[in-house]
>>> print(open('upload-v2.pdb').read())   # PDB, N, CA and C atoms
ATOM      1  N   MET A 185      -9.367  16.229 -28.855  1.00  0.00           N
ATOM      2  CA  MET A 185      -9.264  14.836 -29.256  1.00  0.00           C
ATOM      3  C   MET A 185      -8.305  14.640 -30.409  1.00  0.00           C
ATOM      4  N   ALA A 186      -8.024  15.687 -31.151  1.00  0.00           N
ATOM      5  CA  ALA A 186      -7.065  15.577 -32.243  1.00  0.00           C
ATOM      6  C   ALA A 186      -5.699  15.204 -31.706  1.00  0.00           C
ATOM      7  N   ASP A 187      -5.360  15.700 -30.516  1.00  0.00           N
ATOM      8  CA  ASP A 187      -4.073  15.357 -29.910  1.00  0.00           C
ATOM      9  C   ASP A 187      -3.978  13.867 -29.640  1.00  0.00           C
ATOM     10  N   VAL A 188      -5.061  13.297 -29.150  1.00  0.00           N
ATOM     11  CA  VAL A 188      -5.082  11.861 -28.848  1.00  0.00           C
ATOM     12  C   VAL A 188      -4.905  11.051 -30.135  1.00  0.00           C
ATOM     13  N   ARG A 189      -5.612  11.444 -31.175  1.00  0.00           N
ATOM     14  CA  ARG A 189      -5.481  10.736 -32.455  1.00  0.00           C
ATOM     15  C   ARG A 189      -4.068  10.855 -33.015  1.00  0.00           C
ATOM     16  N   HIS A 190      -3.490  12.039 -32.893  1.00  0.00           N
ATOM     17  CA  HIS A 190      -2.124  12.254 -33.378  1.00  0.00           C
ATOM     18  C   HIS A 190      -1.140  11.366 -32.609  1.00  0.00           C
ATOM     19  N   LEU A 191      -1.277  11.321 -31.298  1.00  0.00           N
ATOM     20  CA  LEU A 191      -0.395  10.483 -30.489  1.00  0.00           C
ATOM     21  C   LEU A 191      -0.561   9.008 -30.843  1.00  0.00           C
ATOM     22  N   MET A 192      -1.804   8.583 -31.061  1.00  0.00           N
ATOM     23  CA  MET A 192      -2.046   7.189 -31.443  1.00  0.00           C
ATOM     24  C   MET A 192      -1.370   6.870 -32.774  1.00  0.00           C
ATOM     25  N   SER A 193      -1.503   7.751 -33.732  1.00  0.00           N
ATOM     26  CA  SER A 193      -0.907   7.492 -35.051  1.00  0.00           C
ATOM     27  C   SER A 193       0.608   7.512 -34.995  1.00  0.00           C
ATOM     28  N   ALA A 194       1.163   8.174 -33.972  1.00  0.00           N
ATOM     29  CA  ALA A 194       2.617   8.210 -33.804  1.00  0.00           C
ATOM     30  C   ALA A 194       3.117   7.038 -32.964  1.00  0.00           C
ATOM     31  N   GLY A 195       2.208   6.145 -32.574  1.00  0.00           N
ATOM     32  CA  GLY A 195       2.613   4.976 -31.794  1.00  0.00           C
ATOM     33  C   GLY A 195       2.779   5.253 -30.314  1.00  0.00           C
ATOM     34  N   GLU A 196       2.245   6.359 -29.850  1.00  0.00           N
ATOM     35  CA  GLU A 196       2.346   6.747 -28.438  1.00  0.00           C
ATOM     36  C   GLU A 196       1.039   6.444 -27.709  1.00  0.00           C
ATOM     37  N   GLU A 197       0.675   5.154 -27.665  1.00  0.00           N
ATOM     38  CA  GLU A 197      -0.596   4.754 -27.082  1.00  0.00           C
ATOM     39  C   GLU A 197      -0.719   5.138 -25.616  1.00  0.00           C
ATOM     40  N   GLY A 198       0.336   4.930 -24.839  1.00  0.00           N
ATOM     41  CA  GLY A 198       0.307   5.260 -23.408  1.00  0.00           C
ATOM     42  C   GLY A 198       0.098   6.740 -23.174  1.00  0.00           C
ATOM     43  N   LEU A 199       0.800   7.558 -23.913  1.00  0.00           N
ATOM     44  CA  LEU A 199       0.652   9.002 -23.779  1.00  0.00           C
ATOM     45  C   LEU A 199      -0.721   9.457 -24.263  1.00  0.00           C
ATOM     46  N   ALA A 200      -1.219   8.835 -25.316  1.00  0.00           N
ATOM     47  CA  ALA A 200      -2.556   9.157 -25.818  1.00  0.00           C
ATOM     48  C   ALA A 200      -3.608   8.831 -24.762  1.00  0.00           C
ATOM     49  N   PHE A 201      -3.474   7.694 -24.119  1.00  0.00           N
ATOM     50  CA  PHE A 201      -4.417   7.288 -23.085  1.00  0.00           C
ATOM     51  C   PHE A 201      -4.360   8.253 -21.907  1.00  0.00           C
ATOM     52  N   ASP A 202      -3.155   8.618 -21.487  1.00  0.00           N
ATOM     53  CA  ASP A 202      -2.981   9.558 -20.386  1.00  0.00           C
ATOM     54  C   ASP A 202      -3.608  10.911 -20.734  1.00  0.00           C
ATOM     55  N   THR A 203      -3.412  11.363 -21.957  1.00  0.00           N
ATOM     56  CA  THR A 203      -3.989  12.623 -22.410  1.00  0.00           C
ATOM     57  C   THR A 203      -5.513  12.569 -22.387  1.00  0.00           C
ATOM     58  N   MET A 204      -6.080  11.456 -22.855  1.00  0.00           N
ATOM     59  CA  MET A 204      -7.527  11.293 -22.867  1.00  0.00           C
ATOM     60  C   MET A 204      -8.088  11.307 -21.440  1.00  0.00           C
ATOM     61  N   CYS A 205      -7.438  10.591 -20.535  1.00  0.00           N
ATOM     62  CA  CYS A 205      -7.898  10.554 -19.146  1.00  0.00           C
ATOM     63  C   CYS A 205      -7.813  11.938 -18.500  1.00  0.00           C
ATOM     64  N   SER A 206      -6.747  12.654 -18.787  1.00  0.00           N
ATOM     65  CA  SER A 206      -6.605  14.016 -18.262  1.00  0.00           C
ATOM     66  C   SER A 206      -7.721  14.904 -18.776  1.00  0.00           C
ATOM     67  N   TRP A 207      -8.044  14.776 -20.049  1.00  0.00           N
ATOM     68  CA  TRP A 207      -9.109  15.563 -20.656  1.00  0.00           C
ATOM     69  C   TRP A 207     -10.451  15.260 -19.988  1.00  0.00           C
ATOM     70  N   ILE A 208     -10.742  13.981 -19.778  1.00  0.00           N
ATOM     71  CA  ILE A 208     -11.994  13.583 -19.116  1.00  0.00           C
ATOM     72  C   ILE A 208     -12.080  14.224 -17.734  1.00  0.00           C
ATOM     73  N   TYR A 209     -10.974  14.171 -16.983  1.00  0.00           N
ATOM     74  CA  TYR A 209     -10.969  14.714 -15.629  1.00  0.00           C
ATOM     75  C   TYR A 209     -11.084  16.238 -15.625  1.00  0.00           C
ATOM     76  N   GLU A 210     -10.329  16.885 -16.468  1.00  0.00           N
ATOM     77  CA  GLU A 210     -10.325  18.352 -16.502  1.00  0.00           C
ATOM     78  C   GLU A 210     -11.672  18.917 -16.939  1.00  0.00           C
ATOM     79  N   GLU A 211     -12.350  18.216 -17.826  1.00  0.00           N
ATOM     80  CA  GLU A 211     -13.657  18.666 -18.298  1.00  0.00           C
ATOM     81  C   GLU A 211     -14.797  18.218 -17.378  1.00  0.00           C
ATOM     82  N   ILE A 212     -14.443  17.460 -16.328  1.00  0.00           N
ATOM     83  CA  ILE A 212     -15.403  16.929 -15.362  1.00  0.00           C
ATOM     84  C   ILE A 212     -16.546  16.209 -16.085  1.00  0.00           C
ATOM     85  N   LEU A 213     -16.160  15.292 -16.957  1.00  0.00           N
ATOM     86  CA  LEU A 213     -17.144  14.528 -17.727  1.00  0.00           C
ATOM     87  C   LEU A 213     -17.608  13.319 -16.924  1.00  0.00           C
ATOM     88  N   PRO A 214     -18.898  13.187 -16.682  1.00  0.00           N
ATOM     89  CA  PRO A 214     -19.380  12.023 -15.949  1.00  0.00           C
ATOM     90  C   PRO A 214     -19.187  10.750 -16.770  1.00  0.00           C
ATOM     91  N   ILE A 215     -18.803   9.686 -16.088  1.00  0.00           N
ATOM     92  CA  ILE A 215     -18.627   8.387 -16.742  1.00  0.00           C
ATOM     93  C   ILE A 215     -19.378   7.335 -15.941  1.00  0.00           C
ATOM     94  N   ASP A 216     -19.886   6.330 -16.641  1.00  0.00           N
ATOM     95  CA  ASP A 216     -20.581   5.275 -15.902  1.00  0.00           C
ATOM     96  C   ASP A 216     -19.566   4.222 -15.452  1.00  0.00           C
ATOM     97  N   LEU A 217     -20.012   3.376 -14.551  1.00  0.00           N
ATOM     98  CA  LEU A 217     -19.123   2.383 -13.949  1.00  0.00           C
ATOM     99  C   LEU A 217     -18.522   1.440 -14.981  1.00  0.00           C
ATOM    100  N   ALA A 218     -19.307   1.032 -15.963  1.00  0.00           N
ATOM    101  CA  ALA A 218     -18.800   0.112 -16.985  1.00  0.00           C
ATOM    102  C   ALA A 218     -17.656   0.753 -17.768  1.00  0.00           C
ATOM    103  N   TYR A 219     -17.804   2.033 -18.116  1.00  0.00           N
ATOM    104  CA  TYR A 219     -16.743   2.732 -18.853  1.00  0.00           C
ATOM    105  C   TYR A 219     -15.508   2.889 -17.970  1.00  0.00           C
ATOM    106  N   PHE A 220     -15.717   3.219 -16.699  1.00  0.00           N
ATOM    107  CA  PHE A 220     -14.590   3.341 -15.770  1.00  0.00           C
ATOM    108  C   PHE A 220     -13.835   2.024 -15.671  1.00  0.00           C
ATOM    109  N   GLU A 221     -14.557   0.922 -15.589  1.00  0.00           N
ATOM    110  CA  GLU A 221     -13.907  -0.390 -15.515  1.00  0.00           C
ATOM    111  C   GLU A 221     -13.092  -0.673 -16.777  1.00  0.00           C
ATOM    112  N   ARG A 222     -13.581  -0.238 -17.934  1.00  0.00           N
ATOM    113  CA  ARG A 222     -12.815  -0.395 -19.179  1.00  0.00           C
ATOM    114  C   ARG A 222     -11.560   0.453 -19.141  1.00  0.00           C
ATOM    115  N   LEU A 223     -11.653   1.646 -18.569  1.00  0.00           N
ATOM    116  CA  LEU A 223     -10.469   2.506 -18.429  1.00  0.00           C
ATOM    117  C   LEU A 223      -9.447   1.868 -17.488  1.00  0.00           C
ATOM    118  N   VAL A 224      -9.924   1.265 -16.410  1.00  0.00           N
ATOM    119  CA  VAL A 224      -9.031   0.576 -15.476  1.00  0.00           C
ATOM    120  C   VAL A 224      -8.284  -0.547 -16.202  1.00  0.00           C
ATOM    121  N   SER A 225      -9.010  -1.344 -16.974  1.00  0.00           N
ATOM    122  CA  SER A 225      -8.380  -2.438 -17.728  1.00  0.00           C
ATOM    123  C   SER A 225      -7.360  -1.908 -18.726  1.00  0.00           C
ATOM    124  N   ALA A 226      -7.716  -0.848 -19.431  1.00  0.00           N
ATOM    125  CA  ALA A 226      -6.793  -0.269 -20.412  1.00  0.00           C
ATOM    126  C   ALA A 226      -5.544   0.269 -19.721  1.00  0.00           C
ATOM    127  N   ALA A 227      -5.719   0.917 -18.575  1.00  0.00           N
ATOM    128  CA  ALA A 227      -4.575   1.452 -17.840  1.00  0.00           C
ATOM    129  C   ALA A 227      -3.628   0.336 -17.416  1.00  0.00           C
ATOM    130  N   GLN A 228      -4.197  -0.768 -16.970  1.00  0.00           N
ATOM    131  CA  GLN A 228      -3.374  -1.914 -16.578  1.00  0.00           C
ATOM    132  C   GLN A 228      -2.663  -2.503 -17.785  1.00  0.00           C
ATOM    133  N   GLU A 229      -3.373  -2.639 -18.876  1.00  0.00           N
ATOM    134  CA  GLU A 229      -2.797  -3.198 -20.105  1.00  0.00           C
ATOM    135  C   GLU A 229      -1.647  -2.334 -20.616  1.00  0.00           C
ATOM    136  N   LEU A 230      -1.811  -1.024 -20.508  1.00  0.00           N
ATOM    137  CA  LEU A 230      -0.779  -0.099 -20.989  1.00  0.00           C
ATOM    138  C   LEU A 230       0.333   0.106 -19.966  1.00  0.00           C
ATOM    139  N   GLY A 231       0.160  -0.451 -18.769  1.00  0.00           N
ATOM    140  CA  GLY A 231       1.171  -0.280 -17.730  1.00  0.00           C
ATOM    141  C   GLY A 231       1.230   1.143 -17.209  1.00  0.00           C
ATOM    142  N   ASN A 232       0.073   1.810 -17.217  1.00  0.00           N
ATOM    143  CA  ASN A 232       0.019   3.205 -16.818  1.00  0.00           C
ATOM    144  C   ASN A 232      -1.160   3.434 -15.866  1.00  0.00           C
ATOM    145  N   PRO A 233      -1.132   2.790 -14.693  1.00  0.00           N
ATOM    146  CA  PRO A 233      -2.283   2.869 -13.792  1.00  0.00           C
ATOM    147  C   PRO A 233      -2.550   4.263 -13.232  1.00  0.00           C
ATOM    148  N   ARG A 234      -1.557   5.121 -13.212  1.00  0.00           N
ATOM    149  CA  ARG A 234      -1.769   6.474 -12.670  1.00  0.00           C
ATOM    150  C   ARG A 234      -2.631   7.329 -13.589  1.00  0.00           C
ATOM    151  N   SER A 235      -2.803   6.921 -14.827  1.00  0.00           N
ATOM    152  CA  SER A 235      -3.617   7.692 -15.772  1.00  0.00           C
ATOM    153  C   SER A 235      -5.056   7.844 -15.299  1.00  0.00           C
ATOM    154  N   ILE A 236      -5.530   6.862 -14.550  1.00  0.00           N
ATOM    155  CA  ILE A 236      -6.931   6.900 -14.132  1.00  0.00           C
ATOM    156  C   ILE A 236      -7.115   7.451 -12.723  1.00  0.00           C
ATOM    157  N   ASP A 237      -6.030   7.939 -12.114  1.00  0.00           N
ATOM    158  CA  ASP A 237      -6.152   8.550 -10.796  1.00  0.00           C
ATOM    159  C   ASP A 237      -7.240   9.612 -10.822  1.00  0.00           C
ATOM    160  N   LYS A 238      -8.079   9.571  -9.857  1.00  0.00           N
ATOM    161  CA  LYS A 238      -9.167  10.530  -9.650  1.00  0.00           C
ATOM    162  C   LYS A 238     -10.366  10.352 -10.573  1.00  0.00           C
ATOM    163  N   LEU A 239     -10.274   9.518 -11.600  1.00  0.00           N
ATOM    164  CA  LEU A 239     -11.432   9.351 -12.491  1.00  0.00           C
ATOM    165  C   LEU A 239     -12.590   8.686 -11.769  1.00  0.00           C
ATOM    166  N   ASP A 240     -12.302   7.953 -10.687  1.00  0.00           N
ATOM    167  CA  ASP A 240     -13.391   7.338  -9.925  1.00  0.00           C
ATOM    168  C   ASP A 240     -14.331   8.394  -9.346  1.00  0.00           C
ATOM    169  N   GLU A 241     -13.834   9.627  -9.184  1.00  0.00           N
ATOM    170  CA  GLU A 241     -14.669  10.725  -8.692  1.00  0.00           C
ATOM    171  C   GLU A 241     -15.781  11.092  -9.697  1.00  0.00           C
ATOM    172  N   LEU A 242     -15.594  10.729 -10.946  1.00  0.00           N
ATOM    173  CA  LEU A 242     -16.539  11.114 -12.001  1.00  0.00           C
ATOM    174  C   LEU A 242     -17.579  10.043 -12.323  1.00  0.00           C
ATOM    175  N   VAL A 243     -17.497   8.899 -11.629  1.00  0.00           N
ATOM    176  CA  VAL A 243     -18.425   7.797 -11.896  1.00  0.00           C
ATOM    177  C   VAL A 243     -19.806   8.160 -11.372  1.00  0.00           C
ATOM    178  N   VAL A 244     -20.794   8.023 -12.245  1.00  0.00           N
ATOM    179  CA  VAL A 244     -22.186   8.275 -11.890  1.00  0.00           C
ATOM    180  C   VAL A 244     -22.981   6.986 -12.043  1.00  0.00           C
ATOM    181  N   ASP A 245     -24.099   6.931 -11.360  1.00  0.00           N
ATOM    182  CA  ASP A 245     -24.964   5.739 -11.449  1.00  0.00           C
ATOM    183  C   ASP A 245     -25.710   5.695 -12.746  1.00  0.00           C
TER
END
>>> encode(input="upload-v2.pdb", output="structure tokens")
Amino acid sequence: MADVRHLMSAGEEGLAFDTMCSWIYEEILPIDLAYFERLVSAAQELGNPRSIDKLDELVVD
């Protein structure tokens, strides 16, 4: 997570978001639907919809 914070402080929000999403996927961290929907909105806002590719596989009830 230090990488994400460093990227954010350097003004690289899109790259920070992509890094965070990759970390969530690689660690196979379960996420609830509400959090996934927030990630979808953030990806759209940042213009980086591919960042959330495959994260839907991690959504749990």
>>> resolve_selection(input="upload-v2.pdb", expression="the PyMOL selection byres ((chain A and resi 228-242) around 6)", output="list in words")
Gly198, Asp202, Cys205, Leu213, Pro214, Ile215, Leu223, Val224, Ser225, Ala226, Ala227, Val243 and Val244 of chain A
>>> write_last_selection(input="upload-v2.pdb", atoms="N, CA and C atoms", output="JSON list (two decimals), in the coordinates of the input")
[["chain", "number", "residue", "atom", "x", "y", "z"],
["A", 198, "GLY", "N", 0.34, 4.93, -24.84],
["A", 198, "GLY", "CA", 0.31, 5.26, -23.41],
["A", 198, "GLY", "C", 0.10, 6.74, -23.17],
["A", 202, "ASP", "N", -3.16, 8.62, -21.49],
["A", 202, "ASP", "CA", -2.98, 9.56, -20.39],
["A", 202, "ASP", "C", -3.61, 10.91, -20.73],
["A", 205, "CYS", "N", -7.44, 10.59, -20.54],
["A", 205, "CYS", "CA", -7.90, 10.55, -19.15],
["A", 205, "CYS", "C", -7.81, 11.94, -18.50],
["A", 213, "LEU", "N", -16.16, 15.29, -16.96],
["A", 213, "LEU", "CA", -17.14, 14.53, -17.73],
["A", 213, "LEU", "C", -17.61, 13.32, -16.92],
["A", 214, "PRO", "N", -18.90, 13.19, -16.68],
["A", 214, "PRO", "CA", -19.38, 12.02, -15.95],
["A", 214, "PRO", "C", -19.19, 10.75, -16.77],
["A", 215, "ILE", "N", -18.80, 9.69, -16.09],
["A", 215, "ILE", "CA", -18.63, 8.39, -16.74],
["A", 215, "ILE", "C", -19.38, 7.34, -15.94],
["A", 223, "LEU", "N", -11.65, 1.65, -18.57],
["A", 223, "LEU", "CA", -10.47, 2.51, -18.43],
["A", 223, "LEU", "C", -9.45, 1.87, -17.49],
["A", 224, "VAL", "N", -9.92, 1.26, -16.41],
["A", 224, "VAL", "CA", -9.03, 0.58, -15.48],
["A", 224, "VAL", "C", -8.28, -0.55, -16.20],
["A", 225, "SER", "N", -9.01, -1.34, -16.97],
["A", 225, "SER", "CA", -8.38, -2.44, -17.73],
["A", 225, "SER", "C", -7.36, -1.91, -18.73],
["A", 226, "ALA", "N", -7.72, -0.85, -19.43],
["A", 226, "ALA", "CA", -6.79, -0.27, -20.41],
["A", 226, "ALA", "C", -5.54, 0.27, -19.72],
["A", 227, "ALA", "N", -5.72, 0.92, -18.58],
["A", 227, "ALA", "CA", -4.58, 1.45, -17.84],
["A", 227, "ALA", "C", -3.63, 0.34, -17.42],
["A", 243, "VAL", "N", -17.50, 8.90, -11.63],
["A", 243, "VAL", "CA", -18.42, 7.80, -11.90],
["A", 243, "VAL", "C", -19.81, 8.16, -11.37],
["A", 244, "VAL", "N", -20.79, 8.02, -12.24],
["A", 244, "VAL", "CA", -22.19, 8.28, -11.89],
["A", 244, "VAL", "C", -22.98, 6.99, -12.04]]
>>> select_by_dssp(input="upload-v2.pdb", residues="chain A", states="strand (DSSP E)", output="mmCIF file with N, CA and C atoms, in the frame of the given file")
data_model
loop_
_atom_site.group_PDB
_atom_site.id
_atom_site.type_symbol
_atom_site.label_atom_id
_atom_site.label_comp_id
_atom_site.auth_asym_id
_atom_site.auth_seq_id
_atom_site.Cartn_x
_atom_site.Cartn_y
_atom_site.Cartn_z
ATOM 1 N N ILE A 215 -18.803 9.686 -16.088
ATOM 2 C CA ILE A 215 -18.627 8.387 -16.742
ATOM 3 C C ILE A 215 -19.378 7.335 -15.941
ATOM 4 N N ASP A 216 -19.886 6.330 -16.641
ATOM 5 C CA ASP A 216 -20.581 5.275 -15.902
ATOM 6 C C ASP A 216 -19.566 4.222 -15.452
ATOM 7 N N VAL A 243 -17.497 8.899 -11.629
ATOM 8 C CA VAL A 243 -18.425 7.797 -11.896
ATOM 9 C C VAL A 243 -19.806 8.160 -11.372
ATOM 10 N N VAL A 244 -20.794 8.023 -12.245
ATOM 11 C CA VAL A 244 -22.186 8.275 -11.890
ATOM 12 C C VAL A 244 -22.981 6.986 -12.043
#
>>> select_by_dssp(input="upload-v2.pdb", residues="chain A", states="alpha helix (DSSP H)", output="number ranges by chain")
A: 186-193, 197-210, 217-230
>>> atom_distance(input="upload-v2.pdb", atom1="atom CA of A:Tyr219", atom2="atom CA of A:Asp245")
11.5 Å
>>> atom_distance(input="upload-v2.pdb", atom1="atom CA of A:Arg189", atom2="atom CA of A:Met204")
9.8 Å
>>> atom_distance(input="upload-v2.pdb", atom1="atom N of A:Leu191", atom2="atom C of A:Leu217")
25.7 Å
>>> residues_around(input="upload-v2.pdb", residues="A:Ala200", least_positions_apart="3", cutoff="10 Å", atoms="only C-alpha atoms", output="ChimeraX atom specification")
/A:185,187-197,203-206
